[in-house]
Amino acid sequence: MKRRLAREIAISSLYQMEMNEVTAAEAVDMLMEELREDNELGADPKEARSTDDFARELVHGVLERKQAIDGMLQQFLTGWQVDRLSRVDRQVLRLACYEMVFRSDVPPKAAINEAIELAKHFGTDESGKFVNGVLGKLLQEIDELKA
């Protein structure tokens, strides 16, 4: 649950940063404060610290490698441009690509499954299928991308 929640916070933070031009710290702080006070997500308050740390790692990791991630994604977006995607789909794909290519603690297939669920949760009815298709293509080239 901690990692799923951290991914939800990371997607929401990346989205907020793009929409409202806030910093990564401001976006995550706002969502973590909401988590602690309102707990609308039903999280265990004891897990808040580790969730906070992992969410920040994800957000910073995506931001630090955003240009490389977008370049990788562009290879697998048949007929699309990264900047023309819905904001939600773009953030979900960026996070999944970051976890698949730049992190060794997340199996690529697990990152894909998480991304599909996040896309369904935050996006449209078609988001899960779209994300699955793009990340499935990326998975086929994962060894080359990691090199």
# chains A, B, ... in the order shown; residues from 1 in each chain; ligands from 1
$ select_by_dssp --residues "chain A" --states "alpha helix (DSSP H)" --output "PyMOL selection string"
chain A and resi 2-20+24-37+48-64+66-76+87-102+108-122+127-140+142-146
$ residues_around --residues "segment 110-122 of chain A" --least-positions-apart "2" --cutoff "12 Å" --atoms "only C-alpha atoms" --output "ChimeraX atom specification"
/A:1,3-12,15,86-108,124-139
$ write_last_selection --atoms "N, CA and C atoms" --output "compact mmCIF listing (two decimals), in the first residue's frame"
# COMPACT_ATOMS: atom_id res chain seq x y z
N MET A 1 0.83 -1.20 0.00
CA MET A 1 0.00 0.00 0.00
C MET A 1 0.87 1.26 0.00
N ARG A 3 3.76 1.91 -1.36
CA ARG A 3 4.28 2.27 -2.68
C ARG A 3 3.17 2.72 -3.61
N ARG A 4 2.04 2.07 -3.58
CA ARG A 4 0.91 2.50 -4.42
C ARG A 4 0.51 3.93 -4.05
N LEU A 5 0.40 4.19 -2.77
CA LEU A 5 0.04 5.52 -2.31
C LEU A 5 1.10 6.54 -2.71
N ALA A 6 2.36 6.18 -2.58
CA ALA A 6 3.45 7.08 -2.97
C ALA A 6 3.38 7.38 -4.47
N ARG A 7 3.03 6.38 -5.27
CA ARG A 7 2.89 6.61 -6.71
C ARG A 7 1.72 7.54 -7.01
N GLU A 8 0.62 7.38 -6.29
CA GLU A 8 -0.52 8.28 -6.46
C GLU A 8 -0.12 9.71 -6.12
N ILE A 9 0.62 9.86 -5.05
CA ILE A 9 1.09 11.19 -4.65
C ILE A 9 2.05 11.74 -5.69
N ALA A 10 2.93 10.90 -6.21
CA ALA A 10 3.89 11.34 -7.23
C ALA A 10 3.16 11.80 -8.49
N ILE A 11 2.18 11.04 -8.95
CA ILE A 11 1.43 11.43 -10.15
C ILE A 11 0.70 12.74 -9.90
N SER A 12 0.05 12.85 -8.76
CA SER A 12 -0.67 14.09 -8.43
C SER A 12 0.29 15.27 -8.33
N TYR A 15 1.49 16.30 -11.81
CA TYR A 15 0.37 16.97 -12.46
C TYR A 15 0.23 18.41 -11.94
N SER A 86 -2.58 13.61 -22.91
CA SER A 86 -3.28 14.20 -21.76
C SER A 86 -2.27 14.34 -20.63
N ARG A 87 -2.46 15.31 -19.78
CA ARG A 87 -1.51 15.54 -18.69
C ARG A 87 -1.39 14.32 -17.78
N VAL A 88 -2.50 13.67 -17.53
CA VAL A 88 -2.48 12.50 -16.66
C VAL A 88 -1.70 11.37 -17.31
N ASP A 89 -2.02 11.04 -18.56
CA ASP A 89 -1.33 9.96 -19.24
C ASP A 89 0.17 10.24 -19.33
N ARG A 90 0.51 11.48 -19.59
CA ARG A 90 1.93 11.86 -19.70
C ARG A 90 2.66 11.62 -18.38
N GLN A 91 2.05 12.00 -17.26
CA GLN A 91 2.71 11.83 -15.96
C GLN A 91 2.80 10.35 -15.59
N VAL A 92 1.77 9.59 -15.89
CA VAL A 92 1.79 8.15 -15.60
C VAL A 92 2.89 7.47 -16.42
N LEU A 93 2.97 7.80 -17.70
CA LEU A 93 4.01 7.21 -18.54
C LEU A 93 5.41 7.62 -18.09
N ARG A 94 5.58 8.87 -17.71
CA ARG A 94 6.89 9.32 -17.23
C ARG A 94 7.31 8.56 -15.98
N LEU A 95 6.39 8.44 -15.05
CA LEU A 95 6.71 7.73 -13.80
C LEU A 95 7.05 6.27 -14.09
N ALA A 96 6.26 5.61 -14.91
CA ALA A 96 6.50 4.20 -15.21
C ALA A 96 7.83 4.03 -15.93
N CYS A 97 8.11 4.88 -16.88
CA CYS A 97 9.38 4.81 -17.61
C CYS A 97 10.55 5.00 -16.64
N TYR A 98 10.43 5.97 -15.76
CA TYR A 98 11.49 6.19 -14.76
C TYR A 98 11.71 4.93 -13.92
N GLU A 99 10.63 4.33 -13.44
CA GLU A 99 10.78 3.14 -12.60
C GLU A 99 11.35 1.96 -13.39
N MET A 100 10.92 1.81 -14.64
CA MET A 100 11.37 0.69 -15.45
C MET A 100 12.84 0.80 -15.85
N VAL A 101 13.26 1.99 -16.21
CA VAL A 101 14.59 2.18 -16.79
C VAL A 101 15.63 2.57 -15.74
N PHE A 102 15.27 3.44 -14.82
CA PHE A 102 16.26 4.04 -13.93
C PHE A 102 16.27 3.50 -12.50
N ARG A 103 15.34 2.64 -12.16
CA ARG A 103 15.33 2.06 -10.80
C ARG A 103 15.52 0.56 -10.90
N SER A 104 16.28 0.02 -10.00
CA SER A 104 16.51 -1.42 -10.00
C SER A 104 15.64 -2.15 -8.97
N ASP A 105 14.93 -1.40 -8.15
CA ASP A 105 14.12 -2.02 -7.09
C ASP A 105 12.68 -2.30 -7.51
N VAL A 106 12.35 -2.02 -8.78
CA VAL A 106 10.99 -2.24 -9.26
C VAL A 106 11.07 -3.09 -10.52
N PRO A 107 10.51 -4.30 -10.49
CA PRO A 107 10.49 -5.11 -11.71
C PRO A 107 9.68 -4.38 -12.79
N PRO A 108 10.16 -4.36 -14.02
CA PRO A 108 9.46 -3.63 -15.08
C PRO A 108 7.98 -4.00 -15.23
N THR A 124 -8.84 8.53 -18.24
CA THR A 124 -10.11 8.20 -18.88
C THR A 124 -10.27 6.68 -18.99
N ASP A 125 -11.39 6.26 -19.56
CA ASP A 125 -11.63 4.83 -19.76
C ASP A 125 -10.56 4.20 -20.65
N GLU A 126 -10.03 4.96 -21.58
CA GLU A 126 -9.04 4.44 -22.52
C GLU A 126 -7.60 4.54 -22.02
N SER A 127 -7.38 5.28 -20.95
CA SER A 127 -6.01 5.52 -20.47
C SER A 127 -5.25 4.25 -20.12
N GLY A 128 -5.90 3.31 -19.46
CA GLY A 128 -5.23 2.07 -19.07
C GLY A 128 -4.73 1.29 -20.28
N LYS A 129 -5.56 1.19 -21.31
CA LYS A 129 -5.16 0.47 -22.53
C LYS A 129 -4.03 1.19 -23.24
N PHE A 130 -4.13 2.51 -23.32
CA PHE A 130 -3.10 3.30 -23.99
C PHE A 130 -1.76 3.15 -23.28
N VAL A 131 -1.75 3.31 -21.98
CA VAL A 131 -0.53 3.19 -21.18
C VAL A 131 0.06 1.78 -21.32
N ASN A 132 -0.79 0.78 -21.27
CA ASN A 132 -0.34 -0.61 -21.43
C ASN A 132 0.34 -0.80 -22.78
N GLY A 133 -0.24 -0.26 -23.84
CA GLY A 133 0.34 -0.41 -25.17
C GLY A 133 1.71 0.25 -25.29
N VAL A 134 1.82 1.46 -24.79
CA VAL A 134 3.10 2.19 -24.88
C VAL A 134 4.16 1.49 -24.04
N LEU A 135 3.81 1.13 -22.82
CA LEU A 135 4.80 0.51 -21.93
C LEU A 135 5.14 -0.91 -22.36
N GLY A 136 4.21 -1.60 -23.01
CA GLY A 136 4.50 -2.92 -23.56
C GLY A 136 5.59 -2.84 -24.62
N LYS A 137 5.50 -1.82 -25.47
CA LYS A 137 6.54 -1.61 -26.49
C LYS A 137 7.88 -1.25 -25.83
N LEU A 138 7.82 -0.41 -24.81
CA LEU A 138 9.03 -0.02 -24.09
C LEU A 138 9.69 -1.24 -23.45
N LEU A 139 8.87 -2.13 -22.89
CA LEU A 139 9.39 -3.32 -22.23
C LEU A 139 10.20 -4.19 -23.20
$ atom_distance --atom1 "atom CA of Gly61 of chain A" --atom2 "atom CA of Trp80 of chain A"
24.0 Å
$ residues_around --residues "Ala24 of chain A" --least-positions-apart "3" --cutoff "9 Å" --atoms "only C-alpha atoms" --output "VMD selection string"
chain A and resid 13 to 14 16 to 17 27 to 29 56 59 to 60 63
$ write_last_selection --atoms "N, CA and C atoms" --output "tab-separated table (two decimals), in the first residue's frame"
chain	number	residue	atom	x	y	z
A	13	SER	N	1.47	15.04	-7.78
A	13	SER	CA	2.46	16.11	-7.64
A	13	SER	C	2.98	16.56	-8.99
A	14	LEU	N	3.32	15.61	-9.85
A	14	LEU	CA	3.79	15.95	-11.19
A	14	LEU	C	2.72	16.72	-11.97
A	16	GLN	N	0.27	18.56	-10.63
A	16	GLN	CA	0.16	19.89	-10.02
A	16	GLN	C	1.28	20.80	-10.48
A	17	MET	N	2.47	20.25	-10.56
A	17	MET	CA	3.62	21.06	-10.98
A	17	MET	C	3.42	21.59	-12.39
A	27	ALA	N	4.51	20.77	-4.11
A	27	ALA	CA	3.46	19.84	-4.55
A	27	ALA	C	3.35	18.65	-3.61
A	28	VAL	N	4.49	18.04	-3.28
A	28	VAL	CA	4.47	16.87	-2.40
A	28	VAL	C	4.04	17.29	-0.99
A	29	ASP	N	4.56	18.42	-0.51
A	29	ASP	CA	4.18	18.90	0.83
A	29	ASP	C	2.67	19.07	0.95
A	56	ARG	N	8.72	11.47	-2.83
A	56	ARG	CA	9.72	12.48	-3.18
A	56	ARG	C	10.81	11.90	-4.09
A	59	VAL	N	9.24	11.65	-7.61
A	59	VAL	CA	9.06	12.96	-8.25
A	59	VAL	C	10.41	13.53	-8.69
A	60	HIS	N	11.38	13.50	-7.80
A	60	HIS	CA	12.70	14.05	-8.14
A	60	HIS	C	13.38	13.22	-9.24
A	63	LEU	N	11.79	14.21	-12.53
A	63	LEU	CA	12.20	15.56	-12.92
A	63	LEU	C	13.65	15.60	-13.40
$ atom_distance --atom1 "atom CA of Lys66 of chain A" --atom2 "atom CA of Asp83 of chain A"
12.1 Å
